[in-house]
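Visitor: Let me give you the structure first, and then I'll get to my questions.
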Amino acid sequence: NIEDEKEATSLAKADDGTIYYGGGGVFGYITFTDSGKLDYKSLSQSLPEKEKEFGNVWAVHAIGKDLFFCANERIFWFQNKKYVKSFTPTGEKFHTFFKANNMLLVREQGVGLLFFKNGALHKILGSGELADTRVYSVIPIDDNLYWLCSRNGLYTLYFNSNKPEISNLAKANSPIDSWLSDNHIYCGAKISKDLFALGSIKKGLILIDRNYKV
């Protein structure tokens, strides 16, 4: 357990080896005592008082010098363990949080897909289809190509690093769409160059290749 006997709901390891955690209304980083015991150093305690009301931190992303602690109510942006600012949803809530081409990618309920650049969140044009479609995994396939695994099936995202706002999002209409929907896709990962794992709530896990063959 972390601060105040709360459980961690997210972890991330930065390039310098620091491990960051997030939990229910708390977040920070882990150090070790001389005897090897874990010591939890809070960063959420450094927030302004008005920023301290939030729920579970569902994801932590360490991207270069930027740290993002992501809750449904707010995304907290830190640099070098120092608080910079927070972002609040313009729609219903922030839902899920990913990394693509070393950028933070956020699916916002009621809005669509957002990316972080130059100190702000921006919307990917044409991603409104995801406003009411729950995305649970973003998997790298090739350079700039990602699969978005949702409860409405599979989408492809060609991520434009220079102009992320014009990245191309398209429905894949894959043969695994019904499996993703019926079994409630919940997570996914790239296992090797041509092998991918998709996890569900109702029916365990499947392995597929880039041609969607199970």
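Residues in the structure tokens are named by chain (A, B, ... in the order shown) and by number from 1 within that chain; ligands are numbered from 1 in the order shown.
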Using only C-alpha atoms, what does the table of range 52-114 of chain A residues within 12 Å of range 149-162 of chain A look like, with each row giving the shortest atom pair and its distance in Å to one decimal, sorted by chain and ascending number, as JSON lines?

Guide:
{"residue": "A:Thr96", "atom": "CA", "partner": "A:Ser150", "partner_atom": "CA", "distance": 11.0}
{"residue": "A:Phe98", "atom": "CA", "partner": "A:Cys149", "partner_atom": "CA", "distance": 11.9}
{"residue": "A:Lys99", "atom": "CA", "partner": "A:Phe159", "partner_atom": "CA", "distance": 11.2}
{"residue": "A:Ala100", "atom": "CA", "partner": "A:Phe159", "partner_atom": "CA", "distance": 7.7}
{"residue": "A:Asn101", "atom": "CA", "partner": "A:Ser161", "partner_atom": "CA", "distance": 6.8}
{"residue": "A:Asn102", "atom": "CA", "partner": "A:Ser161", "partner_atom": "CA", "distance": 9.0}
{"residue": "A:Met103", "atom": "CA", "partner": "A:Ser161", "partner_atom": "CA", "distance": 8.6}
{"residue": "A:Leu104", "atom": "CA", "partner": "A:Ser161", "partner_atom": "CA", "distance": 11.7}
{"residue": "A:Leu105", "atom": "CA", "partner": "A:Phe159", "partner_atom": "CA", "distance": 10.6}
{"residue": "A:Arg107", "atom": "CA", "partner": "A:Ser150", "partner_atom": "CA", "distance": 11.0}
{"residue": "A:Leu113", "atom": "CA", "partner": "A:Leu157", "partner_atom": "CA", "distance": 10.7}
{"residue": "A:Leu114", "atom": "CA", "partner": "A:Phe159", "partner_atom": "CA", "distance": 11.9}

Visitor: I'd like the contact shell of Lys123 in chain A - 10 Å cut-off, only C-alpha atoms, skipping same-chain residues fewer than 3 positions apart - returned as a PDB file with all heavy atoms, in the first residue's frame.

Guide:
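The file below, around18.pdb, is the result:
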ATOM      1  N   LEU A 105      -1.593  10.789 -25.277  1.00  0.00           N
ATOM      2  CA  LEU A 105      -2.837  10.664 -26.036  1.00  0.00           C
ATOM      3  C   LEU A 105      -3.952  10.386 -25.034  1.00  0.00           C
ATOM      4  O   LEU A 105      -3.810   9.521 -24.160  1.00  0.00           O
ATOM      5  CB  LEU A 105      -2.707   9.508 -27.026  1.00  0.00           C
ATOM      6  CG  LEU A 105      -3.566   9.485 -28.272  1.00  0.00           C
ATOM      7  CD1 LEU A 105      -3.300  10.706 -29.146  1.00  0.00           C
ATOM      8  CD2 LEU A 105      -3.299   8.212 -29.077  1.00  0.00           C
ATOM      9  N   VAL A 106      -5.062  11.119 -25.129  1.00  0.00           N
ATOM     10  CA  VAL A 106      -6.145  11.021 -24.157  1.00  0.00           C
ATOM     11  C   VAL A 106      -7.472  10.838 -24.887  1.00  0.00           C
ATOM     12  O   VAL A 106      -7.778  11.581 -25.832  1.00  0.00           O
ATOM     13  CB  VAL A 106      -6.234  12.289 -23.279  1.00  0.00           C
ATOM     14  CG1 VAL A 106      -7.371  12.173 -22.267  1.00  0.00           C
ATOM     15  CG2 VAL A 106      -4.913  12.547 -22.579  1.00  0.00           C
ATOM     16  N   ARG A 107      -8.241   9.859 -24.448  1.00  0.00           N
ATOM     17  CA  ARG A 107      -9.609   9.745 -24.948  1.00  0.00           C
ATOM     18  C   ARG A 107     -10.550  10.416 -23.942  1.00  0.00           C
ATOM     19  O   ARG A 107     -10.584  10.043 -22.763  1.00  0.00           O
ATOM     20  CB  ARG A 107      -9.994   8.280 -25.136  1.00  0.00           C
ATOM     21  CG  ARG A 107     -11.336   8.105 -25.854  1.00  0.00           C
ATOM     22  CD  ARG A 107     -12.355   7.463 -24.966  1.00  0.00           C
ATOM     23  NE  ARG A 107     -13.707   7.745 -25.416  1.00  0.00           N
ATOM     24  CZ  ARG A 107     -14.775   7.506 -24.682  1.00  0.00           C
ATOM     25  NH1 ARG A 107     -14.673   6.991 -23.481  1.00  0.00           N
ATOM     26  NH2 ARG A 107     -15.964   7.814 -25.127  1.00  0.00           N
ATOM     27  N   GLU A 108     -11.244  11.468 -24.383  1.00  0.00           N
ATOM     28  CA  GLU A 108     -12.147  12.207 -23.510  1.00  0.00           C
ATOM     29  C   GLU A 108     -13.592  11.878 -23.859  1.00  0.00           C
ATOM     30  O   GLU A 108     -14.004  12.013 -25.015  1.00  0.00           O
ATOM     31  CB  GLU A 108     -11.916  13.715 -23.626  1.00  0.00           C
ATOM     32  CG  GLU A 108     -12.763  14.510 -22.645  1.00  0.00           C
ATOM     33  CD  GLU A 108     -12.465  16.000 -22.667  1.00  0.00           C
ATOM     34  OE1 GLU A 108     -11.447  16.410 -23.261  1.00  0.00           O
ATOM     35  OE2 GLU A 108     -13.259  16.758 -22.090  1.00  0.00           O
ATOM     36  N   VAL A 111     -15.979  13.941 -26.274  1.00  0.00           N
ATOM     37  CA  VAL A 111     -15.165  14.814 -27.130  1.00  0.00           C
ATOM     38  C   VAL A 111     -14.465  14.030 -28.233  1.00  0.00           C
ATOM     39  O   VAL A 111     -14.631  14.293 -29.419  1.00  0.00           O
ATOM     40  CB  VAL A 111     -14.123  15.598 -26.305  1.00  0.00           C
ATOM     41  CG1 VAL A 111     -13.209  16.413 -27.226  1.00  0.00           C
ATOM     42  CG2 VAL A 111     -14.831  16.530 -25.324  1.00  0.00           C
ATOM     43  N   GLY A 112     -13.647  13.061 -27.862  1.00  0.00           N
ATOM     44  CA  GLY A 112     -12.876  12.299 -28.833  1.00  0.00           C
ATOM     45  C   GLY A 112     -11.455  12.101 -28.346  1.00  0.00           C
ATOM     46  O   GLY A 112     -11.209  11.904 -27.153  1.00  0.00           O
ATOM     47  N   LEU A 113     -10.496  12.191 -29.277  1.00  0.00           N
ATOM     48  CA  LEU A 113      -9.103  11.905 -28.978  1.00  0.00           C
ATOM     49  C   LEU A 113      -8.294  13.205 -28.917  1.00  0.00           C
ATOM     50  O   LEU A 113      -8.359  14.037 -29.820  1.00  0.00           O
ATOM     51  CB  LEU A 113      -8.533  10.992 -30.072  1.00  0.00           C
ATOM     52  CG  LEU A 113      -7.422  10.013 -29.704  1.00  0.00           C
ATOM     53  CD1 LEU A 113      -7.839   9.106 -28.552  1.00  0.00           C
ATOM     54  CD2 LEU A 113      -7.038   9.189 -30.927  1.00  0.00           C
ATOM     55  N   LEU A 114      -7.526  13.366 -27.823  1.00  0.00           N
ATOM     56  CA  LEU A 114      -6.715  14.561 -27.606  1.00  0.00           C
ATOM     57  C   LEU A 114      -5.237  14.186 -27.579  1.00  0.00           C
ATOM     58  O   LEU A 114      -4.876  13.047 -27.287  1.00  0.00           O
ATOM     59  CB  LEU A 114      -7.072  15.232 -26.279  1.00  0.00           C
ATOM     60  CG  LEU A 114      -8.544  15.460 -25.952  1.00  0.00           C
ATOM     61  CD1 LEU A 114      -8.672  16.055 -24.545  1.00  0.00           C
ATOM     62  CD2 LEU A 114      -9.202  16.358 -26.975  1.00  0.00           C
ATOM     63  N   PHE A 115      -4.377  15.155 -27.852  1.00  0.00           N
ATOM     64  CA  PHE A 115      -2.942  14.961 -27.696  1.00  0.00           C
ATOM     65  C   PHE A 115      -2.364  16.180 -26.973  1.00  0.00           C
ATOM     66  O   PHE A 115      -2.931  17.278 -27.015  1.00  0.00           O
ATOM     67  CB  PHE A 115      -2.252  14.764 -29.053  1.00  0.00           C
ATOM     68  CG  PHE A 115      -2.310  15.957 -29.967  1.00  0.00           C
ATOM     69  CD1 PHE A 115      -1.296  16.898 -29.984  1.00  0.00           C
ATOM     70  CD2 PHE A 115      -3.402  16.150 -30.811  1.00  0.00           C
ATOM     71  CE1 PHE A 115      -1.351  18.005 -30.831  1.00  0.00           C
ATOM     72  CE2 PHE A 115      -3.479  17.257 -31.659  1.00  0.00           C
ATOM     73  CZ  PHE A 115      -2.452  18.179 -31.664  1.00  0.00           C
ATOM     74  N   PHE A 116      -1.223  15.973 -26.309  1.00  0.00           N
ATOM     75  CA  PHE A 116      -0.556  17.052 -25.581  1.00  0.00           C
ATOM     76  C   PHE A 116       0.604  17.575 -26.406  1.00  0.00           C
ATOM     77  O   PHE A 116       1.468  16.818 -26.851  1.00  0.00           O
ATOM     78  CB  PHE A 116      -0.043  16.548 -24.234  1.00  0.00           C
ATOM     79  CG  PHE A 116       0.776  17.557 -23.470  1.00  0.00           C
ATOM     80  CD1 PHE A 116       0.153  18.478 -22.645  1.00  0.00           C
ATOM     81  CD2 PHE A 116       2.156  17.598 -23.589  1.00  0.00           C
ATOM     82  CE1 PHE A 116       0.900  19.415 -21.931  1.00  0.00           C
ATOM     83  CE2 PHE A 116       2.912  18.525 -22.897  1.00  0.00           C
ATOM     84  CZ  PHE A 116       2.281  19.441 -22.064  1.00  0.00           C
ATOM     85  N   GLY A 126     -11.492  14.950 -36.586  1.00  0.00           N
ATOM     86  CA  GLY A 126     -12.125  13.732 -37.092  1.00  0.00           C
ATOM     87  C   GLY A 126     -12.207  12.610 -36.089  1.00  0.00           C
ATOM     88  O   GLY A 126     -12.628  11.497 -36.431  1.00  0.00           O
ATOM     89  N   SER A 127     -11.819  12.866 -34.832  1.00  0.00           N
ATOM     90  CA  SER A 127     -11.874  11.807 -33.815  1.00  0.00           C
ATOM     91  C   SER A 127     -13.169  11.840 -33.007  1.00  0.00           C
ATOM     92  O   SER A 127     -13.294  11.116 -32.012  1.00  0.00           O
ATOM     93  CB  SER A 127     -10.672  11.912 -32.870  1.00  0.00           C
ATOM     94  OG  SER A 127     -10.761  13.079 -32.061  1.00  0.00           O
ATOM     95  N   GLY A 128     -14.126  12.654 -33.436  1.00  0.00           N
ATOM     96  CA  GLY A 128     -15.395  12.741 -32.710  1.00  0.00           C
ATOM     97  C   GLY A 128     -16.139  11.417 -32.639  1.00  0.00           C
ATOM     98  O   GLY A 128     -16.970  11.215 -31.750  1.00  0.00           O
ATOM     99  N   PRO A 164      -0.056  16.561 -35.339  1.00  0.00           N
ATOM    100  CA  PRO A 164      -0.908  15.506 -34.769  1.00  0.00           C
ATOM    101  C   PRO A 164      -2.402  15.747 -34.968  1.00  0.00           C
ATOM    102  O   PRO A 164      -3.180  14.793 -35.020  1.00  0.00           O
ATOM    103  CB  PRO A 164      -0.532  15.529 -33.285  1.00  0.00           C
ATOM    104  CG  PRO A 164       0.827  16.127 -33.247  1.00  0.00           C
ATOM    105  CD  PRO A 164       0.854  17.134 -34.347  1.00  0.00           C
ATOM    106  N   GLU A 165      -2.795  17.015 -35.063  1.00  0.00           N
ATOM    107  CA  GLU A 165      -4.232  17.316 -35.190  1.00  0.00           C
ATOM    108  C   GLU A 165      -4.828  16.769 -36.480  1.00  0.00           C
ATOM    109  O   GLU A 165      -6.040  16.580 -36.578  1.00  0.00           O
ATOM    110  CB  GLU A 165      -4.467  18.825 -35.101  1.00  0.00           C
ATOM    111  CG  GLU A 165      -3.865  19.652 -36.222  1.00  0.00           C
ATOM    112  CD  GLU A 165      -2.422  20.044 -35.969  1.00  0.00           C
ATOM    113  OE1 GLU A 165      -1.801  19.507 -35.022  1.00  0.00           O
ATOM    114  OE2 GLU A 165      -1.914  20.892 -36.728  1.00  0.00           O
ATOM    115  N   ILE A 166      -4.001  16.498 -37.499  1.00  0.00           N
ATOM    116  CA  ILE A 166      -4.521  15.945 -38.755  1.00  0.00           C
ATOM    117  C   ILE A 166      -4.160  14.469 -38.910  1.00  0.00           C
ATOM    118  O   ILE A 166      -4.156  13.929 -40.019  1.00  0.00           O
ATOM    119  CB  ILE A 166      -4.046  16.749 -39.988  1.00  0.00           C
ATOM    120  CG1 ILE A 166      -2.514  16.735 -40.093  1.00  0.00           C
ATOM    121  CG2 ILE A 166      -4.574  18.176 -39.940  1.00  0.00           C
ATOM    122  CD1 ILE A 166      -2.003  17.328 -41.405  1.00  0.00           C
TER     123      ILE A 166
END

Visitor: Enumerate the residues of chain A with a DSSP assignment of strand (DSSP E or B), computed from the backbone, and present them as number ranges by chain.

Guide: A: 8-13, 19-24, 26-32, 38-42, 56-63, 66-71, 75-79, 82-87, 93-100, 103-109, 112-117, 120-123, 135-142, 145-150, 153-158, 168-171, 185-192, 195-200, 205-208

Visitor: Leaving out range 63-76 of chain A and any residue of its chain fewer than 5 positions from it, which residues lie within 6 Å of it when counting only C-alpha atoms, given as a PyMOL selection string?

Guide: chain A and resi 56-58+86-88+93-95

Visitor: Which residue, A:His61, A:Thr33, A:Ser44, A:Ala172, has the smallest gap to Ile19 in chain A when you use only C-alpha atoms?

Guide: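 Ranked by minimum distance to Ile19 in chain A, first place goes to A:His61.
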
Visitor: To one decimal place in Å, what is the distance between CA of Pro175 in chain A and CA of Val214 in chain A?

Guide: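 Interatomic distance, CA of Pro175 in chain A to CA of Val214 in chain A: 9.7 Å.
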